[in-house]
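Here's the structure we're looking at; comments come further down.
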Amino acid sequence: MTTKKIWIICGIILLGAAAVTLLIFITEPKAQQEGATKQMAMLVEVVHAEKGDFIPIIQATGTVQPVEDVIISPLVNGQVVRRDPSFVPGGFVKKGDVLLQIDPSDYRNNLELRKSELLQAQTNLEMEMGRQEVAEKDLELVGRDSLSPKQRSLVLREPQLNAVKADIKAARAAVEQAKINLSRSTLRAPFDAHILDQNVTIGSQVAPGDNLGRLVGTEYYWVTLTVPVVNLKWLKFPDSEDETGSRVKLRNTSAWPDGSYRIGYLDKQIGALDEQTRLARVLIKVPDPLVQKTNENQPKLMIGTFVEANIEAEKIKEVIRIKRDHVRNNQTVWVMDDGELSIRELEIILTDSDFAYIKKGIEEGEKIVTTNLSTVTEGIKLRTGTEDSTSDNMENTTNETLE
């Protein structure tokens, strides 16, 4: 076969291939615009924006501490001759109960001695008053006008009288001090208390300043919490002792059974920020922390325990509430508006542990996109599963009608 024939055959083959290719492109089916649009729309899930009056729950953590906490220390020295059986670690005492008795013998004797000194001073006063009467008569005989005021004072024994009166005052003060020392030999509970430490027993020799034990009050405990400064304006603090602040639900998830909690109330705002976190510090007041007066099924608080607190803030009226997870970067939210994505900027007035409370940026009933999208662009097409189901149902109905 010659070279010329080979080139002719190759040309025919190329022309045939080109013709087949052209035929394929001409007869290719065209996609309908409606189907293409539906295929490009992203499938998302939505929830409707909710508007109303809400009570936010501000979450915080804190530590339990006593409101009343004292170290029992004597003001006089001596030997302990009596200790109340309740004065042991873990014991409970009522206000005024005798905790310890220091040997009072020396203080009783000293009181009697001071009383005798007072009696002697009073006797001296009576004797001096008798001398005053004699001196008054002598002065009448001599004549008052013949003596100077200083001489008359000496004749009437006024310095001696003043000295006796001073002795009486000193003797009375000594008696009062002896009574105080005698009373101080008995150590009593200053309030209804729970005993945490006890460092003394019968026979112990004690002196002023010794640490004999630690007592904490049982009427209330405090829980110290830290909260963001911006949230303080939504918290209610009492203006007097008769009022209560915002209600607080306390939980100890590591130690208490599921569903167990204690109720406390906002009591004080500490006027200094936490040095490490720069958060505001507040005090929660919990009544009857050791469950001595209320329901026995409530858990007891222990000093030093770490607890979680849910604070009921002031009611916020006429706002939109959405879940915190639905708030996107830069305080925006994704809204499905007429099948398209609309990115809205929000004016958030408060955020609690679960929700964001919005003043502007979204209206009641609008569809909030909850699905995380890989492509976020204003105006991209969106669809929901509900719309797909509705479209399928309409298509099936049309087919049944045609048949």
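Chain labels A, B, ... are given in the sequence in which chains occur in the structure tokens; within each chain residues are numbered consecutively from 1, and ligands are likewise numbered from 1 in the order shown.
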Residue neighbourhood range 356-360 of chain A, 8 Å, only C-alpha atoms, exclusion window fewer than 3 positions, as a list in words: Val319, Ile320, Arg321, Ile322, Lys323, Arg324, Val327, Leu346, Glu347, Ile348, Ile349, Leu350, Thr351, Asp352 and Glu363 of chain A
Just the residues within 10 Å of Phe92 in chain A, please, counting only C-alpha atoms, with nothing from its chain fewer than 6 positions along; format it as a PyMOL selection string. chain A and resi 86+192-196+215-218
Using only C-alpha atoms, can you tell me which of A:Leu99, A:Leu161, A:Leu235, A:Val223 comes closest to Gly264 in chain A?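 Of the candidates, the smallest distance to Gly264 in chain A is held by A:Val223.
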For Leu341 in chain A, which residue among A:Ser254, A:Ala170, A:Val44, A:Leu290 is the nearest when counting only C-alpha atoms?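 Of A:Ser254, A:Ala170, A:Val44, A:Leu290, the one nearest Leu341 in chain A, counting only C-alpha atoms, is A:Val44.
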Between A:Tyr221, A:Glu50, A:Ile168, A:Met302, which residue has the minimum interatomic distance to Ile368 in chain A, considering only C-alpha atoms?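 So, comparing all the options, the nearest one is A:Glu50.
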Hey, what's within 12 Å of Ala60 in chain A if we count only C-alpha atoms and toss same-chain stuff fewer than 3 positions away? As an mmCIF file with N, CA and C atoms, in the first residue's frame, please?
data_model
loop_
_atom_site.group_PDB
_atom_site.id
_atom_site.type_symbol
_atom_site.label_atom_id
_atom_site.label_comp_id
_atom_site.auth_asym_id
_atom_site.auth_seq_id
_atom_site.Cartn_x
_atom_site.Cartn_y
_atom_site.Cartn_z
ATOM 1 N N ILE A 57 -31.777 32.653 83.254
ATOM 2 C CA ILE A 57 -31.092 31.908 84.300
ATOM 3 C C ILE A 57 -29.582 32.099 84.107
ATOM 4 N N THR A 63 -18.323 28.779 96.278
ATOM 5 C CA THR A 63 -17.893 27.971 97.421
ATOM 6 C C THR A 63 -18.732 28.318 98.641
ATOM 7 N N VAL A 223 -22.851 31.432 100.092
ATOM 8 C CA VAL A 223 -22.154 30.869 98.936
ATOM 9 C C VAL A 223 -21.596 32.045 98.149
ATOM 10 N N THR A 224 -20.281 32.086 97.999
ATOM 11 C CA THR A 224 -19.629 33.175 97.263
ATOM 12 C C THR A 224 -19.547 32.802 95.790
ATOM 13 N N LEU A 225 -20.180 33.611 94.924
ATOM 14 C CA LEU A 225 -20.207 33.366 93.491
ATOM 15 C C LEU A 225 -19.477 34.478 92.749
ATOM 16 N N THR A 226 -19.036 34.173 91.534
ATOM 17 C CA THR A 226 -18.464 35.174 90.640
ATOM 18 C C THR A 226 -19.297 35.214 89.366
ATOM 19 N N VAL A 227 -19.705 36.421 88.970
ATOM 20 C CA VAL A 227 -20.528 36.603 87.772
ATOM 21 C C VAL A 227 -19.960 37.760 86.965
ATOM 22 N N PRO A 228 -20.192 37.797 85.650
ATOM 23 C CA PRO A 228 -19.737 38.939 84.847
ATOM 24 C C PRO A 228 -20.352 40.245 85.340
ATOM 25 N N ASN A 231 -23.690 41.491 83.992
ATOM 26 C CA ASN A 231 -24.936 40.820 84.394
ATOM 27 C C ASN A 231 -25.497 41.339 85.709
ATOM 28 N N VAL A 248 -32.120 31.595 93.904
ATOM 29 C CA VAL A 248 -30.970 30.863 93.367
ATOM 30 C C VAL A 248 -31.138 29.377 93.687
ATOM 31 N N LYS A 249 -30.952 28.535 92.668
ATOM 32 C CA LYS A 249 -30.996 27.088 92.863
ATOM 33 C C LYS A 249 -29.561 26.567 92.863
ATOM 34 N N LEU A 250 -29.186 25.881 93.948
ATOM 35 C CA LEU A 250 -27.818 25.395 94.135
ATOM 36 C C LEU A 250 -27.770 23.884 93.955
ATOM 37 N N ARG A 251 -26.725 23.415 93.268
ATOM 38 C CA ARG A 251 -26.546 21.978 93.040
ATOM 39 C C ARG A 251 -25.088 21.603 93.305
ATOM 40 N N LEU A 279 -14.048 39.084 87.722
ATOM 41 C CA LEU A 279 -15.502 38.989 87.761
ATOM 42 C C LEU A 279 -16.016 39.587 89.062
ATOM 43 N N ALA A 280 -17.291 39.988 89.061
ATOM 44 C CA ALA A 280 -17.909 40.517 90.269
ATOM 45 C C ALA A 280 -18.218 39.380 91.244
ATOM 46 N N ARG A 281 -18.094 39.672 92.539
ATOM 47 C CA ARG A 281 -18.372 38.674 93.574
ATOM 48 C C ARG A 281 -19.676 39.015 94.288
ATOM 49 N N VAL A 282 -20.526 38.006 94.445
ATOM 50 C CA VAL A 282 -21.805 38.183 95.135
ATOM 51 C C VAL A 282 -21.964 37.072 96.167
ATOM 52 N N LEU A 283 -22.811 37.337 97.164
ATOM 53 C CA LEU A 283 -23.060 36.376 98.240
ATOM 54 C C LEU A 283 -24.494 35.871 98.154
ATOM 55 N N ILE A 284 -24.641 34.562 98.234
ATOM 56 C CA ILE A 284 -25.948 33.906 98.286
ATOM 57 C C ILE A 284 -26.198 33.458 99.722
ATOM 58 N N PHE A 306 -17.749 23.042 96.689
ATOM 59 C CA PHE A 306 -17.885 23.737 95.405
ATOM 60 C C PHE A 306 -19.251 23.400 94.823
ATOM 61 N N VAL A 307 -20.088 24.417 94.537
ATOM 62 C CA VAL A 307 -21.449 24.191 94.061
ATOM 63 C C VAL A 307 -21.704 24.992 92.787
ATOM 64 N N GLU A 308 -22.713 24.526 92.035
ATOM 65 C CA GLU A 308 -23.195 25.250 90.862
ATOM 66 C C GLU A 308 -24.452 26.015 91.250
ATOM 67 N N ALA A 309 -24.597 27.208 90.699
ATOM 68 C CA ALA A 309 -25.740 28.054 91.042
ATOM 69 C C ALA A 309 -26.439 28.532 89.783
ATOM 70 N N ASN A 310 -27.776 28.457 89.798
ATOM 71 C CA ASN A 310 -28.609 29.012 88.732
ATOM 72 C C ASN A 310 -29.404 30.166 89.322
ATOM 73 N N ILE A 311 -29.067 31.391 88.914
ATOM 74 C CA ILE A 311 -29.669 32.598 89.468
ATOM 75 C C ILE A 311 -30.800 33.058 88.557
ATOM 76 N N GLU A 312 -31.973 33.248 89.150
ATOM 77 C CA GLU A 312 -33.108 33.776 88.392
ATOM 78 C C GLU A 312 -32.961 35.294 88.287
ATOM 79 N N ASP A 352 -27.626 34.144 78.742
ATOM 80 C CA ASP A 352 -27.480 33.282 79.916
ATOM 81 C C ASP A 352 -26.879 31.954 79.488
ATOM 82 N N SER A 353 -27.031 30.934 80.297
ATOM 83 C CA SER A 353 -26.372 29.663 80.023
ATOM 84 C C SER A 353 -26.924 28.960 78.789
#
Separation of CA of Ala255 in chain A from CA of Phe191 in chain A, in Å and rounded to one decimal: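 Pair CA of Ala255 in chain A / CA of Phe191 in chain A returns 28.9 Å.
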Please indicate the distance in Å from CA of Glu126 in chain A to CA of Asn181 in chain A, rounded to one decimal place.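 Going from CA of Glu126 in chain A over to CA of Asn181 in chain A, I get 29.6 Å.
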Determine which residues of range 211-400 of chain A DSSP labels as helix (DSSP H, G or I) from the backbone of this structure, then write them out as an MDAnalysis selection string. chainID A and resid 229:234 324:326 385:400
With N, CA and C atoms kept, could you save the residues just selected as a JSON list (two decimals), in the first residue's frame?
[["chain", "number", "residue", "atom", "x", "y", "z"],
["A", 229, "VAL", "N", -19.56, 41.30, 85.33],
["A", 229, "VAL", "CA", -20.04, 42.60, 85.81],
["A", 229, "VAL", "C", -21.25, 43.07, 85.01],
["A", 230, "VAL", "N", -21.28, 42.77, 83.71],
["A", 230, "VAL", "CA", -22.38, 43.23, 82.87],
["A", 230, "VAL", "C", -23.71, 42.62, 83.27],
["A", 231, "ASN", "N", -23.69, 41.49, 83.99],
["A", 231, "ASN", "CA", -24.94, 40.82, 84.39],
["A", 231, "ASN", "C", -25.50, 41.34, 85.71],
["A", 232, "LEU", "N", -24.74, 42.17, 86.42],
["A", 232, "LEU", "CA", -25.20, 42.63, 87.73],
["A", 232, "LEU", "C", -26.51, 43.42, 87.65],
["A", 233, "LYS", "N", -26.71, 44.17, 86.57],
["A", 233, "LYS", "CA", -27.91, 44.99, 86.47],
["A", 233, "LYS", "C", -29.18, 44.16, 86.36],
["A", 234, "TRP", "N", -29.05, 42.87, 86.05],
["A", 234, "TRP", "CA", -30.22, 42.00, 85.93],
["A", 234, "TRP", "C", -30.48, 41.22, 87.22],
["A", 324, "ARG", "N", -28.34, 29.87, 72.37],
["A", 324, "ARG", "CA", -27.01, 30.46, 72.18],
["A", 324, "ARG", "C", -26.29, 29.84, 70.99],
["A", 325, "ASP", "N", -26.53, 28.54, 70.73],
["A", 325, "ASP", "CA", -25.85, 27.87, 69.62],
["A", 325, "ASP", "C", -26.25, 28.45, 68.27],
["A", 326, "HIS", "N", -27.38, 29.15, 68.21],
["A", 326, "HIS", "CA", -27.86, 29.69, 66.95],
["A", 326, "HIS", "C", -27.31, 31.08, 66.66],
["A", 385, "GLY", "N", -36.61, 20.20, 54.70],
["A", 385, "GLY", "CA", -37.17, 18.88, 54.47],
["A", 385, "GLY", "C", -38.67, 18.93, 54.32],
["A", 386, "THR", "N", -39.31, 19.87, 55.00],
["A", 386, "THR", "CA", -40.77, 20.01, 54.89],
["A", 386, "THR", "C", -41.17, 20.42, 53.49],
["A", 387, "GLU", "N", -40.38, 21.32, 52.90],
["A", 387, "GLU", "CA", -40.68, 21.75, 51.54],
["A", 387, "GLU", "C", -40.53, 20.60, 50.55],
["A", 388, "ASP", "N", -39.48, 19.76, 50.73],
["A", 388, "ASP", "CA", -39.29, 18.60, 49.86],
["A", 388, "ASP", "C", -40.47, 17.65, 49.94],
["A", 389, "SER", "N", -40.93, 17.42, 51.19],
["A", 389, "SER", "CA", -42.07, 16.51, 51.37],
["A", 389, "SER", "C", -43.32, 17.05, 50.70],
["A", 390, "THR", "N", -43.54, 18.37, 50.83],
["A", 390, "THR", "CA", -44.71, 18.99, 50.22],
["A", 390, "THR", "C", -44.65, 18.89, 48.70],
["A", 391, "SER", "N", -43.42, 19.11, 48.14],
["A", 391, "SER", "CA", -43.25, 19.03, 46.69],
["A", 391, "SER", "C", -43.48, 17.62, 46.18],
["A", 392, "ASP", "N", -42.97, 16.63, 46.91],
["A", 392, "ASP", "CA", -43.16, 15.23, 46.51],
["A", 392, "ASP", "C", -44.63, 14.84, 46.55],
["A", 393, "ASN", "N", -45.34, 15.29, 47.58],
["A", 393, "ASN", "CA", -46.76, 14.96, 47.70],
["A", 393, "ASN", "C", -47.56, 15.56, 46.55],
["A", 394, "MET", "N", -47.23, 16.81, 46.18],
["A", 394, "MET", "CA", -47.93, 17.45, 45.07],
["A", 394, "MET", "C", -47.66, 16.72, 43.76],
["A", 395, "GLU", "N", -46.40, 16.25, 43.57],
["A", 395, "GLU", "CA", -46.04, 15.54, 42.34],
["A", 395, "GLU", "C", -46.76, 14.22, 42.25],
["A", 396, "ASN", "N", -46.84, 13.49, 43.38],
["A", 396, "ASN", "CA", -47.55, 12.20, 43.39],
["A", 396, "ASN", "C", -49.04, 12.39, 43.09],
["A", 397, "THR", "N", -49.61, 13.45, 43.64],
["A", 397, "THR", "CA", -51.03, 13.73, 43.40],
["A", 397, "THR", "C", -51.30, 14.02, 41.93],
["A", 398, "THR", "N", -50.37, 14.77, 41.30],
["A", 398, "THR", "CA", -50.52, 15.09, 39.89],
["A", 398, "THR", "C", -50.45, 13.84, 39.02],
["A", 399, "ASN", "N", -49.50, 12.93, 39.37],
["A", 399, "ASN", "CA", -49.36, 11.69, 38.60],
["A", 399, "ASN", "C", -50.60, 10.82, 38.72],
["A", 400, "GLU", "N", -51.16, 10.74, 39.92],
["A", 400, "GLU", "CA", -52.36, 9.94, 40.12],
["A", 400, "GLU", "C", -53.53, 10.50, 39.32]]
For Asn297 in chain A, find every residue with an atom within 12 Å (counting only C-alpha atoms), except residues of its own chain fewer than 2 positions away, and show them as a compact mmCIF listing (two decimals) with C-alpha atoms, in the first residue's frame.
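See result-v1.txt below for the written result:
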# COMPACT_ATOMS: atom_id res chain seq x y z
CA TRP A 256 -25.80 15.06 95.80
CA PRO A 257 -28.29 12.64 94.19
CA GLY A 259 -32.50 16.14 91.14
CA SER A 260 -31.35 17.32 94.58
CA TYR A 261 -30.85 21.03 95.11
CA ARG A 262 -31.00 23.79 97.73
CA LEU A 290 -27.75 21.83 107.91
CA VAL A 291 -31.47 20.97 107.59
CA GLN A 292 -32.35 21.31 111.26
CA LYS A 293 -35.67 23.09 110.78
CA THR A 294 -36.91 22.24 107.29
CA ASN A 295 -37.50 19.18 105.11
CA PRO A 299 -29.12 17.80 101.16
CA LYS A 300 -26.89 19.45 103.76
Residues near Asn110 in chain A, anyone? I mean within 9 Å using only C-alpha atoms, not counting same-chain ones fewer than 3 positions away, as a list of chain:residue names.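 Those residues are A:Ser105, A:Asp106, A:Tyr107, A:Leu113, A:Arg114, A:Lys115, A:Val175, A:Ala178, A:Lys179, A:Leu182.
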Would you save the residues of that selection, restricted to C-alpha atoms, as a compact mmCIF listing (two decimals), in the first residue's frame?
# COMPACT_ATOMS: atom_id res chain seq x y z
CA SER A 105 -12.77 29.84 142.91
CA ASP A 106 -10.10 32.53 142.58
CA TYR A 107 -12.53 34.88 140.85
CA LEU A 113 -12.38 40.93 148.52
CA ARG A 114 -13.41 43.81 146.27
CA LYS A 115 -16.82 43.95 147.95
CA VAL A 175 -16.23 45.09 142.22
CA ALA A 178 -14.34 41.17 139.62
CA LYS A 179 -17.91 40.31 138.59
CA LEU A 182 -16.09 35.72 137.36
So that I can see what lies close to Tyr265 in chain A, please list as a ChimeraX atom specification the residues with an atom at most 7 Å from it, counting only C-alpha atoms and leaving out residues fewer than 6 positions away in the same chain. /A:244-248,284-286
Using only C-alpha atoms, which of the listed residues (A:Trp334, A:Phe355, A:Tyr220, A:Trp7) sits closest to Val64 in chain A?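 Going through A:Trp334, A:Phe355, A:Tyr220, A:Trp7 one by one, the smallest distance to Val64 in chain A is for A:Tyr220.
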Go through A:Glu318, A:Asp69, A:Asp338, A:Glu366 one by one, measure the shortest atom-to-atom distance of each to Gly52 in chain A using only C-alpha atoms, and give the residue with the smallest value.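 Using only C-alpha atoms, Gly52 in chain A sits closest to A:Glu318.
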Could you tell me how far CA of Val93 in chain A sits from CA of Asn77 in chain A, in Å to one decimal place? 23.5 Å
Judged by only C-alpha atoms, the minimum distance to Pro208 in chain A among A:Leu75, A:Ala171, A:Ile102, A:Ala163 is found for A:Leu75
